[in-house]
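model-v3.pdb follows; it contains PDB, C-alpha atoms and all ligand atoms.
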```pdb
ATOM      1  CA  MET A   1      99.375 110.132  83.854
ATOM      2  CA  PRO A   2     102.420 112.428  84.280
ATOM      3  CA  VAL A   3     103.109 112.662  88.005
ATOM      4  CA  SER A   4     103.845 116.402  87.817
ATOM      5  CA  ALA A   5     100.437 117.262  86.215
ATOM      6  CA  SER A   6      98.658 118.231  89.477
ATOM      7  CA  PRO A   7      99.856 120.342  92.432
ATOM      8  CA  ALA A   8     101.861 118.314  94.928
ATOM      9  CA  LEU A   9     100.231 116.820  98.033
ATOM     10  CA  LEU A  10     103.677 116.487  99.580
ATOM     11  CA  GLU A  11     106.629 118.697  98.781
ATOM     12  CA  VAL A  12     110.045 117.902 100.259
ATOM     13  CA  SER A  13     112.576 120.619  99.554
ATOM     14  CA  GLY A  14     116.305 120.530 100.309
ATOM     15  CA  VAL A  15     115.911 118.421 103.481
ATOM     16  CA  THR A  16     119.163 117.764 105.324
ATOM     17  CA  VAL A  17     119.525 115.678 108.510
ATOM     18  CA  ARG A  18     122.821 115.189 110.333
ATOM     19  CA  PHE A  19     123.631 112.821 113.196
ATOM     20  CA  GLY A  20     126.978 113.979 114.558
ATOM     21  CA  GLY A  21     129.377 113.497 111.628
ATOM     22  CA  ILE A  22     126.886 111.490 109.507
ATOM     23  CA  THR A  23     124.762 113.251 106.903
ATOM     24  CA  ALA A  24     121.752 110.927 106.757
ATOM     25  CA  LEU A  25     119.885 113.175 104.273
ATOM     26  CA  ASP A  26     121.681 115.636 102.048
ATOM     27  CA  GLY A  27     119.471 118.295 100.414
ATOM     28  CA  VAL A  28     116.721 115.866  99.351
ATOM     29  CA  SER A  29     113.877 117.322  97.241
ATOM     30  CA  PHE A  30     110.886 115.678  95.561
ATOM     31  CA  ALA A  31     107.139 116.138  95.154
ATOM     32  CA  ILE A  32     104.300 113.629  95.244
ATOM     33  CA  ALA A  33     101.073 114.206  93.336
ATOM     34  CA  PRO A  34      97.738 113.439  95.014
ATOM     35  CA  GLY A  35      96.297 110.029  94.175
ATOM     36  CA  SER A  36      99.645 108.483  93.249
ATOM     37  CA  ILE A  37     101.699 105.642  94.676
ATOM     38  CA  ALA A  38     105.358 106.554  95.143
ATOM     39  CA  GLY A  39     108.136 104.137  96.053
ATOM     40  CA  LEU A  40     111.223 105.220  97.995
ATOM     41  CA  ILE A  41     114.184 102.918  97.354
ATOM     42  CA  GLY A  42     117.879 102.808  98.170
ATOM     43  CA  PRO A  43     120.514 100.471  99.634
ATOM     44  CA  ASN A  44     120.827  99.996 103.411
ATOM     45  CA  GLY A  45     121.697 103.246 105.171
ATOM     46  CA  ALA A  46     120.561 105.408 102.216
ATOM     47  CA  GLY A  47     118.322 107.547 104.447
ATOM     48  CA  LYS A  48     114.841 106.140 103.730
ATOM     49  CA  THR A  49     113.796 105.641 107.363
ATOM     50  CA  THR A  50     115.282 109.006 108.302
ATOM     51  CA  LEU A  51     113.086 110.632 105.662
ATOM     52  CA  PHE A  52     109.989 108.789 106.949
ATOM     53  CA  ASN A  53     110.818 109.939 110.467
ATOM     54  CA  CYS A  54     111.017 113.547 109.204
ATOM     55  CA  LEU A  55     107.587 113.146 107.598
ATOM     56  CA  SER A  56     106.167 111.883 110.928
ATOM     57  CA  ARG A  57     107.991 114.707 112.775
ATOM     58  CA  LEU A  58     109.895 112.146 114.855
ATOM     59  CA  TYR A  59     113.155 113.700 113.595
ATOM     60  CA  THR A  60     113.828 117.375 113.028
ATOM     61  CA  PHE A  61     115.769 118.439 109.958
ATOM     62  CA  SER A  62     118.499 121.070 110.076
ATOM     63  CA  GLU A  63     117.860 122.498 106.606
ATOM     64  CA  GLY A  64     115.040 122.521 104.060
ATOM     65  CA  SER A  65     111.277 122.305 104.315
ATOM     66  CA  ILE A  66     108.421 119.814 104.019
ATOM     67  CA  HIS A  67     104.966 121.000 102.969
ATOM     68  CA  PHE A  68     101.825 118.878 103.152
ATOM     69  CA  GLU A  69      98.851 120.353 101.277
ATOM     70  CA  GLY A  70     100.810 123.614 101.261
ATOM     71  CA  GLN A  71     101.253 123.633 105.076
ATOM     72  CA  PRO A  72     104.775 123.525 106.568
ATOM     73  CA  LEU A  73     105.052 120.345 108.676
ATOM     74  CA  THR A  74     107.249 122.109 111.225
ATOM     75  CA  ALA A  75     104.172 124.100 112.320
ATOM     76  CA  TYR A  76     102.747 120.863 113.805
ATOM     77  CA  ALA A  77     103.779 118.695 116.748
ATOM     78  CA  PRO A  78     104.360 114.959 116.170
ATOM     79  CA  HIS A  79     101.022 114.073 117.842
ATOM     80  CA  GLN A  80      99.152 116.339 115.380
ATOM     81  CA  ILE A  81     100.509 114.650 112.252
ATOM     82  CA  ALA A  82      97.843 111.911 112.086
ATOM     83  CA  ALA A  83      95.042 114.472 112.462
ATOM     84  CA  LEU A  84      96.654 116.504 109.671
ATOM     85  CA  GLY A  85      96.160 113.523 107.349
ATOM     86  CA  ILE A  86      99.446 111.594 107.390
ATOM     87  CA  GLY A  87      99.218 107.974 108.577
ATOM     88  CA  ARG A  88     101.959 105.371 108.778
ATOM     89  CA  THR A  89     102.836 101.781 109.465
ATOM     90  CA  PHE A  90     106.145 100.627 110.934
ATOM     91  CA  GLN A  91     108.831  98.132 109.862
ATOM     92  CA  ASN A  92     108.115  96.030 112.950
ATOM     93  CA  LEU A  93     104.466  95.340 113.679
ATOM     94  CA  ALA A  94     103.162  97.366 116.611
ATOM     95  CA  LEU A  95      99.849  95.614 117.350
ATOM     96  CA  PHE A  96      98.203  94.732 120.671
ATOM     97  CA  ARG A  97      98.738  91.011 120.357
ATOM     98  CA  THR A  98      96.129  89.755 122.824
ATOM     99  CA  MET A  99      93.397  92.089 121.539
ATOM    100  CA  SER A 100      91.055  91.141 118.699
ATOM    101  CA  VAL A 101      91.508  92.285 115.121
ATOM    102  CA  ARG A 102      88.429  94.522 115.449
ATOM    103  CA  ASP A 103      89.738  96.242 118.617
ATOM    104  CA  ASN A 104      93.197  96.744 117.114
ATOM    105  CA  VAL A 105      91.639  98.387 114.064
ATOM    106  CA  THR A 106      89.180 100.557 116.046
ATOM    107  CA  ILE A 107      91.977 101.950 118.221
ATOM    108  CA  GLY A 108      93.487 103.553 115.100
ATOM    109  CA  GLY A 109      90.584 106.022 114.951
ATOM    110  CA  HIS A 110      91.103 107.497 118.389
ATOM    111  CA  CYS A 111      93.790 109.972 117.310
ATOM    112  CA  ARG A 112      90.988 111.915 115.620
ATOM    113  CA  SER A 113      88.429 111.478 118.389
ATOM    114  CA  SER A 114      87.324 114.847 119.766
ATOM    115  CA  SER A 115      85.801 113.625 123.080
ATOM    116  CA  GLY A 116      87.605 114.570 126.259
ATOM    117  CA  PHE A 117      88.376 112.299 129.220
ATOM    118  CA  LEU A 118      85.373 113.460 131.288
ATOM    119  CA  ALA A 119      82.876 113.131 128.419
ATOM    120  CA  ASN A 120      84.193 109.617 127.801
ATOM    121  CA  ALA A 121      83.936 108.664 131.478
ATOM    122  CA  LEU A 122      80.347 109.961 131.654
ATOM    123  CA  ARG A 123      79.410 108.243 128.354
ATOM    124  CA  MET A 124      77.861 111.442 127.013
ATOM    125  CA  PRO A 125      75.558 111.008 123.958
ATOM    126  CA  TRP A 126      78.091 112.541 121.530
ATOM    127  CA  VAL A 127      80.724 110.061 122.773
ATOM    128  CA  ARG A 128      78.392 107.184 121.913
ATOM    129  CA  ARG A 129      77.682 108.742 118.504
ATOM    130  CA  GLU A 130      81.402 109.094 117.856
ATOM    131  CA  GLU A 131      81.999 105.469 118.891
ATOM    132  CA  ALA A 132      79.264 104.305 116.522
ATOM    133  CA  VAL A 133      80.965 106.169 113.652
ATOM    134  CA  LEU A 134      84.335 104.577 114.526
ATOM    135  CA  ASP A 135      82.754 101.090 114.772
ATOM    136  CA  GLN A 136      81.179 101.538 111.372
ATOM    137  CA  ARG A 137      84.428 102.774 109.833
ATOM    138  CA  ALA A 138      86.326  99.828 111.364
ATOM    139  CA  ALA A 139      83.745  97.381 109.964
ATOM    140  CA  GLY A 140      84.160  98.898 106.476
ATOM    141  CA  LEU A 141      87.959  98.638 106.612
ATOM    142  CA  ILE A 142      87.836  95.082 107.973
ATOM    143  CA  THR A 143      85.766  94.121 104.921
ATOM    144  CA  LEU A 144      87.979  96.109 102.517
ATOM    145  CA  LEU A 145      91.081  94.358 103.854
ATOM    146  CA  ASP A 146      89.422  90.948 103.770
ATOM    147  CA  LEU A 147      89.554  90.447 107.546
ATOM    148  CA  ASP A 148      85.873  89.626 108.266
ATOM    149  CA  SER A 149      86.517  85.941 108.960
ATOM    150  CA  VAL A 150      89.112  86.750 111.662
ATOM    151  CA  ALA A 151      87.623  89.988 113.088
ATOM    152  CA  HIS A 152      87.047  88.494 116.566
ATOM    153  CA  ARG A 153      90.277  86.494 116.793
ATOM    154  CA  PRO A 154      93.224  87.733 118.869
ATOM    155  CA  VAL A 155      95.943  89.106 116.597
ATOM    156  CA  SER A 156      98.578  86.727 118.030
ATOM    157  CA  ASP A 157      96.630  83.729 116.560
ATOM    158  CA  LEU A 158      97.001  84.954 112.993
ATOM    159  CA  PRO A 159      99.648  84.427 110.307
ATOM    160  CA  PHE A 160     102.124  87.270 109.826
ATOM    161  CA  GLY A 161     100.662  88.318 106.446
ATOM    162  CA  THR A 162      97.204  88.719 108.023
ATOM    163  CA  GLN A 163      98.667  90.707 110.922
ATOM    164  CA  LYS A 164     100.173  93.086 108.382
ATOM    165  CA  ARG A 165      96.709  93.689 106.900
ATOM    166  CA  VAL A 166      95.426  94.441 110.419
ATOM    167  CA  GLU A 167      98.165  97.050 110.813
ATOM    168  CA  LEU A 168      97.204  98.555 107.468
ATOM    169  CA  ALA A 169      93.518  98.712 108.463
ATOM    170  CA  ARG A 170      94.470 100.399 111.724
ATOM    171  CA  ALA A 171      96.564 103.034 109.917
ATOM    172  CA  LEU A 172      93.579 103.710 107.616
ATOM    173  CA  MET A 173      91.232 104.353 110.571
ATOM    174  CA  SER A 174      92.629 107.877 110.939
ATOM    175  CA  GLN A 175      91.464 108.517 107.335
ATOM    176  CA  PRO A 176      94.883 109.623 106.082
ATOM    177  CA  LYS A 177      95.280 111.463 102.802
ATOM    178  CA  LEU A 178      98.905 110.313 102.683
ATOM    179  CA  LEU A 179      99.795 106.827 103.906
ATOM    180  CA  LEU A 180     103.449 106.058 104.673
ATOM    181  CA  LEU A 181     104.247 102.339 104.525
ATOM    182  CA  ASP A 182     107.578 101.190 105.951
ATOM    183  CA  GLU A 183     108.585  97.950 104.206
ATOM    184  CA  PRO A 184     105.061  96.510 103.865
ATOM    185  CA  ALA A 185     106.370  93.415 102.018
ATOM    186  CA  ALA A 186     109.018  92.474 104.616
ATOM    187  CA  GLY A 187     108.472  88.906 105.832
ATOM    188  CA  LEU A 188     105.787  88.108 103.231
ATOM    189  CA  ASN A 189     105.998  85.149 100.849
ATOM    190  CA  HIS A 190     105.808  85.478  97.069
ATOM    191  CA  GLU A 191     102.032  84.969  96.913
ATOM    192  CA  GLU A 192     101.390  87.411  99.765
ATOM    193  CA  VAL A 193     103.522  90.098  98.054
ATOM    194  CA  ASP A 194     101.400  89.779  94.941
ATOM    195  CA  GLY A 195      98.241  90.034  97.077
ATOM    196  CA  LEU A 196      99.701  93.141  98.737
ATOM    197  CA  ARG A 197     100.288  94.782  95.351
ATOM    198  CA  LEU A 198      96.629  94.310  94.380
ATOM    199  CA  LEU A 199      95.486  95.427  97.833
ATOM    200  CA  LEU A 200      97.534  98.650  97.694
ATOM    201  CA  ARG A 201      96.057  99.487  94.296
ATOM    202  CA  ARG A 202      92.554  98.739  95.622
ATOM    203  CA  ILE A 203      92.812 100.865  98.772
ATOM    204  CA  GLN A 204      94.490 103.656  96.799
ATOM    205  CA  SER A 205      91.586 103.905  94.362
ATOM    206  CA  GLU A 206      88.702 103.136  96.771
ATOM    207  CA  LEU A 207      89.878 105.577  99.435
ATOM    208  CA  SER A 208      91.445 108.155  97.043
ATOM    209  CA  LEU A 209      94.707 107.765  98.934
ATOM    210  CA  THR A 210      98.228 108.856  98.158
ATOM    211  CA  ILE A 211     100.816 106.287  99.235
ATOM    212  CA  LEU A 212     104.558 106.583  99.845
ATOM    213  CA  LEU A 213     106.249 103.264 100.525
ATOM    214  CA  VAL A 214     109.782 102.384 101.554
ATOM    215  CA  GLU A 215     110.494  98.949 100.174
ATOM    216  CA  HIS A 216     113.423  96.661  99.379
ATOM    217  CA  HIS A 217     111.228  94.321  97.320
ATOM    218  CA  MET A 218     112.051  95.711  93.856
ATOM    219  CA  ASN A 219     109.465  93.685  91.979
ATOM    220  CA  LEU A 220     106.681  95.126  94.160
ATOM    221  CA  VAL A 221     107.977  98.730  94.000
ATOM    222  CA  MET A 222     108.394  98.689  90.236
ATOM    223  CA  ARG A 223     104.978  97.139  89.611
ATOM    224  CA  VAL A 224     102.888  99.147  92.080
ATOM    225  CA  SER A 225     104.434 102.636  91.883
ATOM    226  CA  ASP A 226     103.595 105.545  89.581
ATOM    227  CA  GLN A 227     106.792 107.296  90.709
ATOM    228  CA  VAL A 228     110.017 105.953  92.183
ATOM    229  CA  ILE A 229     112.542 108.019  94.151
ATOM    230  CA  ALA A 230     115.994 106.539  94.739
ATOM    231  CA  LEU A 231     118.348 107.611  97.540
ATOM    232  CA  ASP A 232     121.981 106.679  98.055
ATOM    233  CA  PHE A 233     124.172 107.912 100.926
ATOM    234  CA  GLY A 234     121.487 110.492 101.799
ATOM    235  CA  ARG A 235     121.317 112.009  98.310
ATOM    236  CA  LYS A 236     118.525 111.650  95.769
ATOM    237  CA  ILE A 237     120.023 109.921  92.733
ATOM    238  CA  ALA A 238     116.880 109.332  90.649
ATOM    239  CA  ASP A 239     113.201 110.331  90.515
ATOM    240  CA  GLY A 240     110.809 109.283  87.751
ATOM    241  CA  THR A 241     108.692 106.446  86.429
ATOM    242  CA  PRO A 242     109.723 102.903  87.439
ATOM    243  CA  ALA A 243     111.172 102.316  83.947
ATOM    244  CA  GLU A 244     113.226 105.539  84.086
ATOM    245  CA  VAL A 245     114.600 104.794  87.542
ATOM    246  CA  GLN A 246     115.439 101.174  86.712
ATOM    247  CA  ALA A 247     117.440 102.352  83.691
ATOM    248  CA  ASN A 248     119.273 105.113  85.601
ATOM    249  CA  PRO A 249     123.040 104.312  85.651
ATOM    250  CA  GLU A 250     123.489 105.783  89.171
ATOM    251  CA  VAL A 251     120.752 103.494  90.503
ATOM    252  CA  VAL A 252     122.308 100.465  88.818
ATOM    253  CA  ARG A 253     125.708 101.434  90.284
ATOM    254  CA  ALA A 254     124.279 101.970  93.795
ATOM    255  CA  TYR A 255     122.678  98.516  93.796
ATOM    256  CA  LEU A 256     125.578  96.664  92.174
ATOM    257  CA  GLY A 257     127.963  98.391  94.598
ATOM    258  CA  ALA A 258     125.762  97.382  97.527
ATOM    259  CA  ALA A 259     125.686  93.762  96.337
ATOM    260  CA  GLN A 260     129.488  93.406  96.117
TER     261      GLN A 260
HETATM  262  N1  LIG B 301     119.075 108.062 115.309
HETATM  263  C1  LIG B 301     120.217 107.971 114.612
HETATM  264  N2  LIG B 301     121.405 108.284 115.176
HETATM  265  C2  LIG B 301     122.561 108.212 114.476
HETATM  266  N3  LIG B 301     122.636 107.841 113.188
HETATM  267  C3  LIG B 301     121.488 107.503 112.565
HETATM  268  C4  LIG B 301     120.220 107.549 113.234
HETATM  269  N4  LIG B 301     119.254 107.168 112.367
HETATM  270  C5  LIG B 301     119.883 106.895 111.193
HETATM  271  N5  LIG B 301     121.219 107.086 111.323
HETATM  272  C6  LIG B 301     122.224 106.941 110.256
HETATM  273  O1  LIG B 301     121.757 107.651 109.134
HETATM  274  C7  LIG B 301     122.018 106.923 107.937
HETATM  275  C8  LIG B 301     120.704 106.649 107.216
HETATM  276  O2  LIG B 301     119.982 105.641 107.954
HETATM  277  P1  LIG B 301     118.499 105.194 107.622
HETATM  278  O3  LIG B 301     118.081 104.246 108.710
HETATM  279  O4  LIG B 301     117.649 106.374 107.360
HETATM  280  O5  LIG B 301     118.728 104.384 106.252
HETATM  281  P2  LIG B 301     117.719 103.420 105.500
HETATM  282  O6  LIG B 301     117.803 103.783 104.058
HETATM  283  O7  LIG B 301     116.383 103.450 106.120
HETATM  284  O8  LIG B 301     118.387 101.983 105.724
HETATM  285  P3  LIG B 301     117.691 100.518 105.838
HETATM  286  O9  LIG B 301     117.262 100.160 104.450
HETATM  287  O10 LIG B 301     118.842  99.660 106.323
HETATM  288  O11 LIG B 301     116.561 100.614 106.824
HETATM  289  C9  LIG B 301     122.777 105.662 108.340
HETATM  290  O12 LIG B 301     124.144 105.924 108.205
HETATM  291  C10 LIG B 301     122.389 105.478 109.791
HETATM  292  O13 LIG B 301     123.396 104.811 110.500
END
```
Exercise: express the given structure as structure tokens:
Amino acid sequence: MPVSASPALLEVSGVTVRFGGITALDGVSFAIAPGSIAGLIGPNGAGKTTLFNCLSRLYTFSEGSIHFEGQPLTAYAPHQIAALGIGRTFQNLALFRTMSVRDNVTIGGHCRSSSGFLANALRMPWVRREEAVLDQRAAGLITLLDLDSVAHRPVSDLPFGTQKRVELARALMSQPKLLLLDEPAAGLNHEEVDGLRLLLRRIQSELSLTILLVEHHMNLVMRVSDQVIALDFGRKIADGTPAEVQANPEVVRAYLGAAQ
């Protein structure tokens, strides 16, 4: 399916971010079609995390625009981004280690909870109804991510690869339309990376998700993505199918240069 066939879910246009004398992003533009998996690659310092932080509104950009479903992101505060439909995971796991898998996952739904503090304290009927919906959603995601057998175990007891699935389930609790994954394969062994590839495809199709992942694991990016965007020194150097990007001379140069 050509990636440009449907209107973009996410449209990044001429985004520039400067930190003092460093231009971390230099007029970066690309679009992501709904229902696709896009990989964002580039050597260390290329600007991938900076771009993710712009998409989460953690950083402000000095030039350009980002539109999500046609809405300018700058119209929303960082705490409204999850409710808008953009979820994310982080490079370093941010789980509550002594809490169970189920509780860690359920917590991910509270950014969309509409109950106020008083209603919660008084356990009003609509609060209980809302909690039942969240419990049910958490149970569905725990099954989808193959976590049923460890649902009641504290997260700290579990292998790293399983903890990463817990983090993914938690990010999905806010029912994102766009899921940003920051190095999901980091720290995983060969077998786990292959499992992750199948899992990403499964959640993408079962939940009709769009996924943007930053990843250094080239084999995973090239096998899981419909579209790959390559950055180098803050500039976009390639954007296309995995085969097109892999064959792009600027991409080859950026990686060979980085390896020397
Ligand atoms: N908060 C910040 N303050 C100053 N400079 C920053 C900040 N964040 C990023 N940079 C700089 O911006 C550039 C892009 O960094 P960024 O972390 O976005 O790259 P990256 O592609 O994610 O790298 P990596 O693959 O190593 O995570 C780098 O030169 C980095 O030093």
**Q.** Cut-off 7 Å, all atoms listed in the file, neighbours of ligand LIG 301 (chain B) as a list in words
**A.**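 If we count all atoms listed in the file, the neighbours of ligand LIG 301 (chain B) turn out to be Phe19, Ile22, Thr23, Ala24, Gly42, Pro43, Asn44, Gly45, Ala46, Gly47, Lys48, Thr49, Thr50, Leu51 and Gly234 of chain A.
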For the selection you just gave me, I'd like the residues written to a file as a tab-separated table (two decimals), in the coordinates of the input, keeping C-alpha atoms.
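In the end it all went to part-v6.tsv:
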```
chain	number	residue	atom	x	y	z
A	19	PHE	CA	123.63	112.82	113.20
A	22	ILE	CA	126.89	111.49	109.51
A	23	THR	CA	124.76	113.25	106.90
A	24	ALA	CA	121.75	110.93	106.76
A	42	GLY	CA	117.88	102.81	98.17
A	43	PRO	CA	120.51	100.47	99.63
A	44	ASN	CA	120.83	100.00	103.41
A	45	GLY	CA	121.70	103.25	105.17
A	46	ALA	CA	120.56	105.41	102.22
A	47	GLY	CA	118.32	107.55	104.45
A	48	LYS	CA	114.84	106.14	103.73
A	49	THR	CA	113.80	105.64	107.36
A	50	THR	CA	115.28	109.01	108.30
A	51	LEU	CA	113.09	110.63	105.66
A	234	GLY	CA	121.49	110.49	101.80
```
Env of Ala77 in chain A: 12 Å cut, atoms = all atoms listed in the file, seq-sep filter 5 positions within chain, self excluded. Answer as a PDB file with C-alpha atoms, in the coordinates of the input.
```pdb
ATOM      1  CA  CYS A  54     111.017 113.547 109.204  1.00  0.00           C
ATOM      2  CA  LEU A  55     107.587 113.146 107.598  1.00  0.00           C
ATOM      3  CA  SER A  56     106.167 111.883 110.928  1.00  0.00           C
ATOM      4  CA  ARG A  57     107.991 114.707 112.775  1.00  0.00           C
ATOM      5  CA  LEU A  58     109.895 112.146 114.855  1.00  0.00           C
ATOM      6  CA  TYR A  59     113.155 113.700 113.595  1.00  0.00           C
ATOM      7  CA  THR A  60     113.828 117.375 113.028  1.00  0.00           C
ATOM      8  CA  PRO A  72     104.775 123.525 106.568  1.00  0.00           C
ATOM      9  CA  ALA A  82      97.843 111.911 112.086  1.00  0.00           C
ATOM     10  CA  ALA A  83      95.042 114.472 112.462  1.00  0.00           C
ATOM     11  CA  LEU A  84      96.654 116.504 109.671  1.00  0.00           C
TER      12      LEU A  84
END
```
**Q.** Resolved residues for the PyMOL selection byres (((chain A and resi 200) around 10) and not hetatm) as a list in words
**A.**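 This file, filtered by the PyMOL selection byres (((chain A and resi 200) around 10) and not hetatm), leaves Ile37, Leu145, Leu168, Pro184, Gly195, Leu196, Arg197, Leu198, Leu199, Arg201, Arg202, Ile203, Gln204, Ser205, Glu206, Leu209, Ile211, Val224 and Ser225 of chain A.
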(Q) Evaluated on this file, the PyMOL selection byres (((chain A and resi 154-161) around 10) and not hetatm) picks out some residues - which ones are they, written as a PyMOL selection string? (A) chain A and resi 93+95-104+150-153+162-166+184-189+192-193+195-196
(Q) On this structure, the PyMOL selection byres (((chain A and resi 229-231) around 8) and not hetatm) would catch which residues? List them as number ranges by chain, sorted by chain and number. (A) A: 30, 38-43, 46-48, 227-228, 232-240, 245, 251
Q | Distance in Å - CA of Gly21 in chain A versus CA of Val214 in chain A | A |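 One can read the CA of Gly21 in chain A to CA of Val214 in chain A distance as 24.7 Å.
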